[in-house]
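> Next comes structure.tsv, TSV, C-alpha atoms and all ligand atoms:
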chain	number	residue	atom	x	y	z
W	1130	MET	CA	27.46	40.80	-10.63
W	1131	ARG	CA	31.05	39.60	-11.01
W	1132	ASN	CA	32.18	37.37	-13.86
W	1133	THR	CA	33.89	34.96	-11.53
W	1134	THR	CA	33.72	33.88	-7.91
W	1135	SER	CA	35.80	31.47	-5.88
W	1136	CYS	CA	34.74	28.20	-4.30
W	1137	PRO	CA	34.44	28.69	-0.50
W	1138	HIS	CA	35.77	25.15	-0.01
W	1139	CYS	CA	38.82	24.90	-2.28
W	1140	GLY	CA	39.25	28.45	-3.63
W	1141	ALA	CA	38.90	27.41	-7.28
W	1142	THR	CA	37.74	30.10	-9.69
W	1143	LEU	CA	34.17	29.59	-10.87
W	1144	ASN	CA	32.80	31.40	-13.92
W	1145	ALA	CA	29.42	33.08	-14.09
W	1146	ARG	CA	26.89	31.30	-16.28
W	1147	GLU	CA	24.57	33.19	-18.56
W	1148	TRP	CA	21.27	32.50	-20.17
W	1149	THR	CA	20.00	34.46	-23.10
W	1150	LEU	CA	16.57	35.87	-22.59
W	1151	GLY	CA	14.97	37.99	-25.30
W	1152	GLY	CA	18.40	38.44	-26.92
W	1153	LYS	CA	19.97	39.70	-23.67
W	1154	PRO	CA	22.38	37.79	-21.43
W	1155	VAL	CA	20.98	37.02	-17.98
W	1156	PHE	CA	23.05	35.97	-14.98
W	1157	ALA	CA	22.30	32.34	-14.11
W	1158	GLY	CA	24.55	31.65	-11.13
W	1159	TYR	CA	28.13	30.37	-11.08
W	1160	GLU	CA	29.35	27.05	-12.33
W	1161	GLN	CA	29.46	24.24	-9.81
W	1162	CYS	CA	32.72	23.23	-8.23
W	1163	GLU	CA	33.40	19.50	-8.17
W	1164	CYS	CA	35.70	19.53	-5.13
W	1165	GLU	CA	34.82	17.32	-2.16
W	1166	GLY	CA	33.64	20.21	0.03
W	1167	ALA	CA	31.33	21.64	-2.62
W	1168	ARG	CA	29.87	18.21	-3.42
W	1169	ALA	CA	29.29	17.51	0.28
W	1170	GLU	CA	27.54	20.86	0.65
W	1171	ARG	CA	25.23	20.11	-2.29
W	1172	ALA	CA	24.50	16.61	-0.93
W	1173	GLU	CA	23.62	18.16	2.45
W	1174	ILE	CA	21.24	20.65	0.80
W	1175	GLU	CA	19.56	17.80	-1.11
W	1176	ARG	CA	19.24	15.80	2.11
W	1177	LEU	CA	17.64	18.74	3.92
W	1178	GLN	CA	15.24	19.29	1.02
W	1179	ALA	CA	14.25	15.61	1.08
W	1180	VAL	CA	13.65	15.82	4.84
W	1181	ALA	CA	11.51	18.94	4.40
W	1182	GLU	CA	9.51	17.28	1.60
W	1183	ARG	CA	8.94	14.16	3.69
W	1184	ARG	CA	7.79	16.27	6.66
W	1185	GLU	CA	5.42	18.20	4.41
W	1186	ARG	CA	4.01	14.95	2.99
W	1187	GLU	CA	3.53	13.58	6.51
W	1188	ARG	CA	1.91	16.84	7.62
W	1189	ARG	CA	-0.55	16.67	4.72
W	1190	GLU	CA	-1.31	13.04	5.51
W	1191	ARG	CA	-1.97	13.84	9.17
W	1192	GLU	CA	-4.20	16.71	8.13
W	1193	ALA	CA	-6.17	14.44	5.78
W	1194	ILE	CA	-6.44	11.83	8.54
W	1195	ARG	CA	-7.86	14.40	10.98
W	1196	LYS	CA	-10.15	15.85	8.34
W	1197	ALA	CA	-11.55	12.36	7.76
W	1198	GLY	CA	-12.47	12.30	11.46
W	1199	ILE	CA	-9.91	9.79	12.74
W	1200	MET	CA	-9.14	10.60	16.38
W	1201	PRO	CA	-5.57	11.70	17.25
W	1202	ARG	CA	-5.18	8.63	19.50
W	1203	PHE	CA	-5.71	6.44	16.45
W	1204	GLU	CA	-3.98	8.45	13.76
W	1205	ASN	CA	-1.08	5.98	13.71
W	1206	ALA	CA	-3.28	2.91	14.28
W	1207	THR	CA	-2.32	-0.27	12.48
W	1208	HIS	CA	-4.05	-3.66	12.43
W	1209	PRO	CA	-3.14	-6.86	10.58
W	1210	LEU	CA	-6.63	-7.07	9.04
W	1211	ALA	CA	-6.73	-3.43	7.89
W	1212	PRO	CA	-5.28	-3.93	4.37
W	1213	GLU	CA	-7.89	-6.54	3.44
W	1214	CYS	CA	-10.66	-4.48	5.04
W	1215	ALA	CA	-9.63	-1.48	2.92
W	1216	ARG	CA	-9.57	-3.71	-0.16
W	1217	ASP	CA	-13.04	-5.07	0.64
W	1218	MET	CA	-14.44	-1.56	0.89
W	1219	GLN	CA	-12.72	-0.56	-2.34
W	1220	GLN	CA	-14.48	-3.49	-3.97
W	1221	GLY	CA	-17.78	-2.07	-2.76
W	1222	ARG	CA	-18.37	-4.24	0.28
W	1223	ASN	CA	-19.77	-3.15	3.63
W	1224	LEU	CA	-17.94	-4.24	6.78
W	1225	TYR	CA	-19.50	-5.46	10.00
W	1226	ILE	CA	-16.76	-5.56	12.61
W	1227	PHE	CA	-17.94	-6.91	15.93
W	1228	GLY	CA	-16.45	-8.06	19.20
W	1229	GLU	CA	-16.37	-7.38	22.92
W	1230	VAL	CA	-15.03	-4.15	24.38
W	1231	GLY	CA	-11.24	-4.00	24.01
W	1232	THR	CA	-10.87	-6.25	20.97
W	1233	LEU	CA	-9.32	-3.39	18.98
W	1234	LYS	CA	-12.37	-2.70	16.82
W	1235	THR	CA	-11.60	1.02	16.74
W	1236	HIS	CA	-7.97	0.22	15.90
W	1237	LEU	CA	-9.05	-1.87	12.94
W	1238	ALA	CA	-11.61	0.69	11.76
W	1239	SER	CA	-9.12	3.58	12.13
W	1240	ALA	CA	-6.31	1.65	10.44
W	1241	THR	CA	-8.64	0.80	7.55
W	1242	ALA	CA	-9.67	4.46	7.25
W	1243	ARG	CA	-6.00	5.49	7.30
W	1244	ILE	CA	-5.21	3.24	4.35
W	1245	LEU	CA	-8.13	4.67	2.36
W	1246	VAL	CA	-7.12	8.24	3.26
W	1247	ALA	CA	-3.51	7.56	2.20
W	1248	GLU	CA	-4.83	6.44	-1.18
W	1249	GLY	CA	-6.56	9.79	-1.55
W	1250	CYS	CA	-10.12	8.48	-1.06
W	1251	ASN	CA	-12.99	10.55	0.34
W	1252	VAL	CA	-13.41	8.93	3.77
W	1253	ARG	CA	-15.45	9.91	6.82
W	1254	PHE	CA	-14.86	8.26	10.15
W	1255	SER	CA	-17.17	8.99	13.06
W	1256	ALA	CA	-18.35	7.49	16.30
W	1257	MET	CA	-22.04	6.74	15.90
W	1258	TRP	CA	-22.90	8.93	18.92
W	1259	LYS	CA	-21.38	11.91	17.10
W	1260	VAL	CA	-23.65	11.33	14.13
W	1261	LEU	CA	-26.61	11.09	16.52
W	1262	ASP	CA	-25.50	14.33	18.20
W	1263	ALA	CA	-25.24	16.03	14.81
W	1264	ILE	CA	-28.75	14.81	13.96
W	1265	LYS	CA	-30.06	16.18	17.28
W	1266	ALA	CA	-28.28	19.53	16.81
W	1267	GLY	CA	-29.51	19.69	13.22
W	1268	PHE	CA	-33.10	19.16	14.36
W	1269	ARG	CA	-32.73	22.00	16.90
W	1270	ASP	CA	-30.91	24.39	14.58
W	1271	ASN	CA	-32.81	23.41	11.46
W	1272	TYR	CA	-30.03	22.10	9.25
W	1273	ASP	CA	-29.38	18.66	7.86
W	1274	PRO	CA	-26.03	17.07	8.76
W	1275	LEU	CA	-26.72	13.92	6.76
W	1276	PRO	CA	-25.76	14.78	3.16
W	1277	ALA	CA	-22.04	14.79	4.00
W	1278	TYR	CA	-22.36	11.31	5.52
W	1279	GLN	CA	-24.65	10.11	2.74
W	1280	SER	CA	-22.37	11.13	-0.09
W	1281	CYS	CA	-18.81	10.37	1.06
W	1282	LYS	CA	-17.24	7.47	-0.79
W	1283	TYR	CA	-16.42	5.49	2.36
W	1284	LEU	CA	-18.18	5.89	5.71
W	1285	ILE	CA	-16.90	4.22	8.86
W	1286	LEU	CA	-19.17	4.36	11.92
W	1287	ASP	CA	-17.53	3.38	15.18
W	1288	ASP	CA	-19.42	1.89	18.14
W	1289	PHE	CA	-22.68	1.40	16.29
W	1290	GLY	CA	-25.53	0.68	18.70
W	1291	LYS	CA	-23.62	1.84	21.78
W	1292	GLU	CA	-26.44	4.28	22.39
W	1293	SER	CA	-30.05	3.60	21.58
W	1294	PRO	CA	-31.28	6.34	19.27
W	1295	THR	CA	-34.58	8.14	19.67
W	1296	ASP	CA	-37.34	7.31	17.22
W	1297	PHE	CA	-36.50	10.45	15.22
W	1298	ALA	CA	-32.76	9.69	15.20
W	1299	LEU	CA	-33.46	6.10	14.15
W	1300	GLU	CA	-35.43	7.36	11.14
W	1301	ARG	CA	-32.52	9.63	10.21
W	1302	MET	CA	-30.05	6.73	10.62
W	1303	PHE	CA	-32.23	4.76	8.23
W	1304	ALA	CA	-32.21	7.67	5.76
W	1305	LEU	CA	-28.42	7.66	5.98
W	1306	ILE	CA	-27.85	3.92	5.55
W	1307	ASP	CA	-30.60	3.51	2.94
W	1308	GLU	CA	-29.23	6.34	0.80
W	1309	ARG	CA	-25.71	4.90	0.94
W	1310	SER	CA	-27.01	1.47	0.09
W	1311	ALA	CA	-28.95	2.84	-2.91
W	1312	ARG	CA	-25.85	4.72	-4.11
W	1313	MET	CA	-23.75	1.58	-3.58
W	1314	LEU	CA	-21.35	3.44	-1.29
W	1315	PRO	CA	-19.58	1.15	1.19
W	1316	THR	CA	-20.22	1.60	4.91
W	1317	ALA	CA	-18.27	-0.04	7.71
W	1318	VAL	CA	-19.55	-0.31	11.27
W	1319	THR	CA	-17.92	-1.50	14.45
W	1320	THR	CA	-20.19	-2.79	17.17
W	1321	GLN	CA	-20.22	-4.85	20.33
W	1322	TYR	CA	-23.31	-6.64	19.10
W	1323	LYS	CA	-24.15	-9.46	16.78
W	1324	PRO	CA	-26.81	-8.45	14.23
W	1325	GLY	CA	-29.81	-9.73	16.26
W	1326	ARG	CA	-28.67	-7.94	19.41
W	1327	LEU	CA	-27.90	-4.80	17.43
W	1328	ILE	CA	-31.48	-4.66	16.15
W	1329	GLU	CA	-32.71	-4.88	19.77
W	1330	ARG	CA	-30.35	-2.08	20.81
W	1331	LEU	CA	-31.40	0.18	17.96
W	1332	ALA	CA	-35.11	-0.55	18.49
W	1333	LYS	CA	-34.99	0.20	22.22
W	1334	ASN	CA	-36.51	3.70	21.87
W	1335	GLY	CA	-37.77	3.38	18.34
W	1336	ASP	CA	-39.43	1.33	15.72
W	1337	LYS	CA	-38.26	-2.26	15.36
W	1338	ASP	CA	-39.00	-2.43	11.60
W	1339	THR	CA	-36.74	0.57	11.03
W	1340	ALA	CA	-33.99	-1.06	13.12
W	1341	ILE	CA	-34.32	-4.26	11.07
W	1342	ALA	CA	-34.19	-2.27	7.83
W	1343	ILE	CA	-31.00	-0.47	8.93
W	1344	VAL	CA	-29.20	-3.66	9.95
W	1345	SER	CA	-30.32	-5.60	6.89
W	1346	ARG	CA	-28.98	-2.87	4.58
W	1347	LEU	CA	-25.69	-2.84	6.47
W	1348	ARG	CA	-25.51	-6.61	6.05
W	1349	GLN	CA	-26.06	-6.50	2.28
W	1350	ASP	CA	-22.91	-7.43	0.38
W	1351	CYS	CA	-21.09	-7.31	3.67
W	1352	ARG	CA	-18.04	-8.90	5.14
W	1353	SER	CA	-18.38	-9.78	8.84
W	1354	ILE	CA	-15.32	-9.81	11.02
W	1355	GLU	CA	-15.51	-11.05	14.58
W	1356	LEU	CA	-12.65	-9.84	16.75
W	1357	GLU	CA	-11.71	-11.80	19.81
W	1358	GLY	CA	-9.19	-11.44	22.59
W	1359	ARG	CA	-8.83	-10.12	26.08
W	1360	ASP	CA	-9.40	-6.50	26.90
W	1361	ARG	CA	-6.07	-4.82	26.18
W	1362	ARG	CA	-7.23	-1.58	27.74
W	1363	LEU	CA	-7.50	-3.39	31.07
W	1364	GLY	CA	-3.90	-4.61	30.64
W	1401	ZN	ZN	35.67	23.69	-4.62
Starting from the file, give its structure as structure tokens.
Ligand SMILES: [Zn+2]


Amino acid sequence: MRNTTSCPHCGATLNAREWTLGGKPVFAGYEQCECEGARAERAEIERLQAVAERRERERREREAIRKAGIMPRFENATHPLAPECARDMQQGRNLYIFGEVGTLKTHLASATARILVAEGCNVRFSAMWKVLDAIKAGFRDNYDPLPAYQSCKYLILDDFGKESPTDFALERMFALIDERSARMLPTAVTTQYKPGRLIERLAKNGDKDTAIAIVSRLRQDCRSIELEGRDRRLG
């Protein structure tokens, strides 16, 4: 360690700095040069650090978004109604988002989930068919996939009623929605169907009373949002 060095930009002599640690002097780098070149170099290092920090923050956000179950296609989804939907859920309300195919229901649901994830909330987003698949697989392999869905703070189920569940799956769906309702945990669904039609869809292979019980719990303390508009996916 030398006592001085010279600035690579202007050649000025820079003294070593020392700290005292346990009574002994410790080398603590050289003093900063205030010439233009040295300042520009420090500014560049700060800029690069800020870029790296921003990238790391964005990487963590993307990871949280994927972990919540939001599909890559929708990980940047935005929707003008998403902020108020997120606020509604944070105030404990369920959401019933319905509309024809292509009215951006999944966009709205994903954008809402994204806002909740960005605020550090425990969010799960899933297409309803995936929950039904997990229930089926759980029945076969003797494990219960429901607790994770029952206990997350916010649950968003996309395309509710797209498939008609079996009698067994319908019972498990009821167990899921009923438990969340009892725990006062907000659930959002997107669906093509108005409530009456949704009950018919859910009851197709199962028990109508159970279907009614599911939909009526979803509709408790619930905000309904009907989305309209032409099918954007068809151009
Ligand atoms: Zn210098």

> Using only C-alpha atoms, find all polymer residues with an atom at most 9 Å away from the point (-8.8, 2.5, 7.0); report them as a count of residues only.

19

> So, with only C-alpha atoms as the atoms that count, which of W:Asp1217, W:Glu1185, W:Glu1190, W:Asp1270 lies closest to Ile1354 of chain W?

W:Asp1217

> Between W:Leu1150, W:Asn1132, W:Leu1314, W:Tyr1159, single out the one closest to ligand ZN 1401 (chain W), counting only C-alpha atoms and all ligand atoms.

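Using only C-alpha atoms and all ligand atoms, the shortest distance to ligand ZN 1401 (chain W) belongs to W:Tyr1159.
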
> Could you tell me how far atom CA of Thr1134 of chain W sits from atom CA of Gly1152 of chain W, in Å to one decimal place?

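Straight-line distance from atom CA of Gly1152 of chain W to atom CA of Thr1134 of chain W works out to 24.8 Å.
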
> Please tabulate, as JSON lines, the residues of chain W that come within 12 Å of ligand ZN 1401 (chain W), each with its closest pair of atoms and the distance in Å to one decimal, counting all atoms listed in the file and ordering rows by chain, then residue number upward.


{"residue": "W:Thr1134", "atom": "CA", "partner": "W:ZN1401", "partner_atom": "ZN", "distance": 10.9}
{"residue": "W:Ser1135", "atom": "CA", "partner": "W:ZN1401", "partner_atom": "ZN", "distance": 7.9}
{"residue": "W:Cys1136", "atom": "CA", "partner": "W:ZN1401", "partner_atom": "ZN", "distance": 4.6}
{"residue": "W:Pro1137", "atom": "CA", "partner": "W:ZN1401", "partner_atom": "ZN", "distance": 6.6}
{"residue": "W:His1138", "atom": "CA", "partner": "W:ZN1401", "partner_atom": "ZN", "distance": 4.8}
{"residue": "W:Cys1139", "atom": "CA", "partner": "W:ZN1401", "partner_atom": "ZN", "distance": 4.1}
{"residue": "W:Gly1140", "atom": "CA", "partner": "W:ZN1401", "partner_atom": "ZN", "distance": 6.0}
{"residue": "W:Ala1141", "atom": "CA", "partner": "W:ZN1401", "partner_atom": "ZN", "distance": 5.6}
{"residue": "W:Thr1142", "atom": "CA", "partner": "W:ZN1401", "partner_atom": "ZN", "distance": 8.4}
{"residue": "W:Leu1143", "atom": "CA", "partner": "W:ZN1401", "partner_atom": "ZN", "distance": 8.7}
{"residue": "W:Tyr1159", "atom": "CA", "partner": "W:ZN1401", "partner_atom": "ZN", "distance": 12.0}
{"residue": "W:Glu1160", "atom": "CA", "partner": "W:ZN1401", "partner_atom": "ZN", "distance": 10.5}
{"residue": "W:Gln1161", "atom": "CA", "partner": "W:ZN1401", "partner_atom": "ZN", "distance": 8.1}
{"residue": "W:Cys1162", "atom": "CA", "partner": "W:ZN1401", "partner_atom": "ZN", "distance": 4.7}
{"residue": "W:Glu1163", "atom": "CA", "partner": "W:ZN1401", "partner_atom": "ZN", "distance": 5.9}
{"residue": "W:Cys1164", "atom": "CA", "partner": "W:ZN1401", "partner_atom": "ZN", "distance": 4.2}
{"residue": "W:Glu1165", "atom": "CA", "partner": "W:ZN1401", "partner_atom": "ZN", "distance": 6.9}
{"residue": "W:Gly1166", "atom": "CA", "partner": "W:ZN1401", "partner_atom": "ZN", "distance": 6.2}
{"residue": "W:Ala1167", "atom": "CA", "partner": "W:ZN1401", "partner_atom": "ZN", "distance": 5.2}
{"residue": "W:Arg1168", "atom": "CA", "partner": "W:ZN1401", "partner_atom": "ZN", "distance": 8.1}
{"residue": "W:Ala1169", "atom": "CA", "partner": "W:ZN1401", "partner_atom": "ZN", "distance": 10.1}
{"residue": "W:Glu1170", "atom": "CA", "partner": "W:ZN1401", "partner_atom": "ZN", "distance": 10.1}
{"residue": "W:Arg1171", "atom": "CA", "partner": "W:ZN1401", "partner_atom": "ZN", "distance": 11.3}

> Please report the interatomic distance between atom CA of Arg1346 of chain W and atom CA of Tyr1322 of chain W in Å with one decimal.

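Between atom CA of Arg1346 of chain W and atom CA of Tyr1322 of chain W the gap is 16.0 Å.
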
> Considering only C-alpha atoms, return as an MDAnalysis selection string whatever protein or nucleic-acid residues lie within 9 Å of segment 1286-1296 of chain W, sequence-local ones (same chain, fewer than 2 positions apart) excluded.

chainID W and resid 1234:1235 1238:1239 1253:1258 1260:1261 1284 1298:1302 1316:1322 1327:1328 1330:1336

> Emit as JSON the padded axis-aligned box for all listed atoms of segment 1230-1233 of chain W, 5 Å per side, with centre and edge lengths in Å to one decimal.


{"center_x": -12.2, "center_y": -4.8, "center_z": 21.7, "size_x": 15.7, "size_y": 12.9, "size_z": 15.4}

> With distances taken over only C-alpha atoms, which residue among W:Arg1202, W:Arg1191, W:Arg1326, W:Arg1309 lies nearest Ala1277 of chain W?

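Smallest distance to Ala1277 of chain W is found for W:Arg1309.
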
> Using only C-alpha atoms, can you tell me which of W:Gly1267, W:Leu1224, W:Gly1358, W:Asp1262 comes closest to Val1344 of chain W?

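Smallest separation from Val1344 of chain W among the options: W:Leu1224.
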
> Can you tell me which residues surround Phe1156 of chain W at a distance of at most 12 Å, considering only C-alpha atoms, apart from same-chain residues fewer than 5 positions away, and format the answer as a ChimeraX atom specification?

/W:1130-1133,1144-1150

> Include C-alpha atoms and write out the residues we just selected as a tab-separated table (two decimals), in the frame of the given file.


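Printed below is selection_37.tsv as written:
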chain	number	residue	atom	x	y	z
W	1130	MET	CA	27.46	40.80	-10.63
W	1131	ARG	CA	31.05	39.60	-11.01
W	1132	ASN	CA	32.18	37.37	-13.86
W	1133	THR	CA	33.89	34.96	-11.53
W	1144	ASN	CA	32.80	31.40	-13.92
W	1145	ALA	CA	29.42	33.08	-14.09
W	1146	ARG	CA	26.89	31.30	-16.28
W	1147	GLU	CA	24.57	33.19	-18.56
W	1148	TRP	CA	21.27	32.50	-20.17
W	1149	THR	CA	20.00	34.46	-23.10
W	1150	LEU	CA	16.57	35.87	-22.59

> Provide the atom CA of Arg1183 of chain W to atom CA of Glu1204 of chain W distance in Å, to one decimal place.

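Atom CA of Arg1183 of chain W sits 17.3 Å away from atom CA of Glu1204 of chain W.
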
> Considering all atoms listed in the file, state which residue in the set W:Pro1154, W:Glu1229, W:Arg1216, W:Arg1269 is at the smallest distance from Glu1248 of chain W.

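Under the stated criterion, the closest residue is W:Arg1216.
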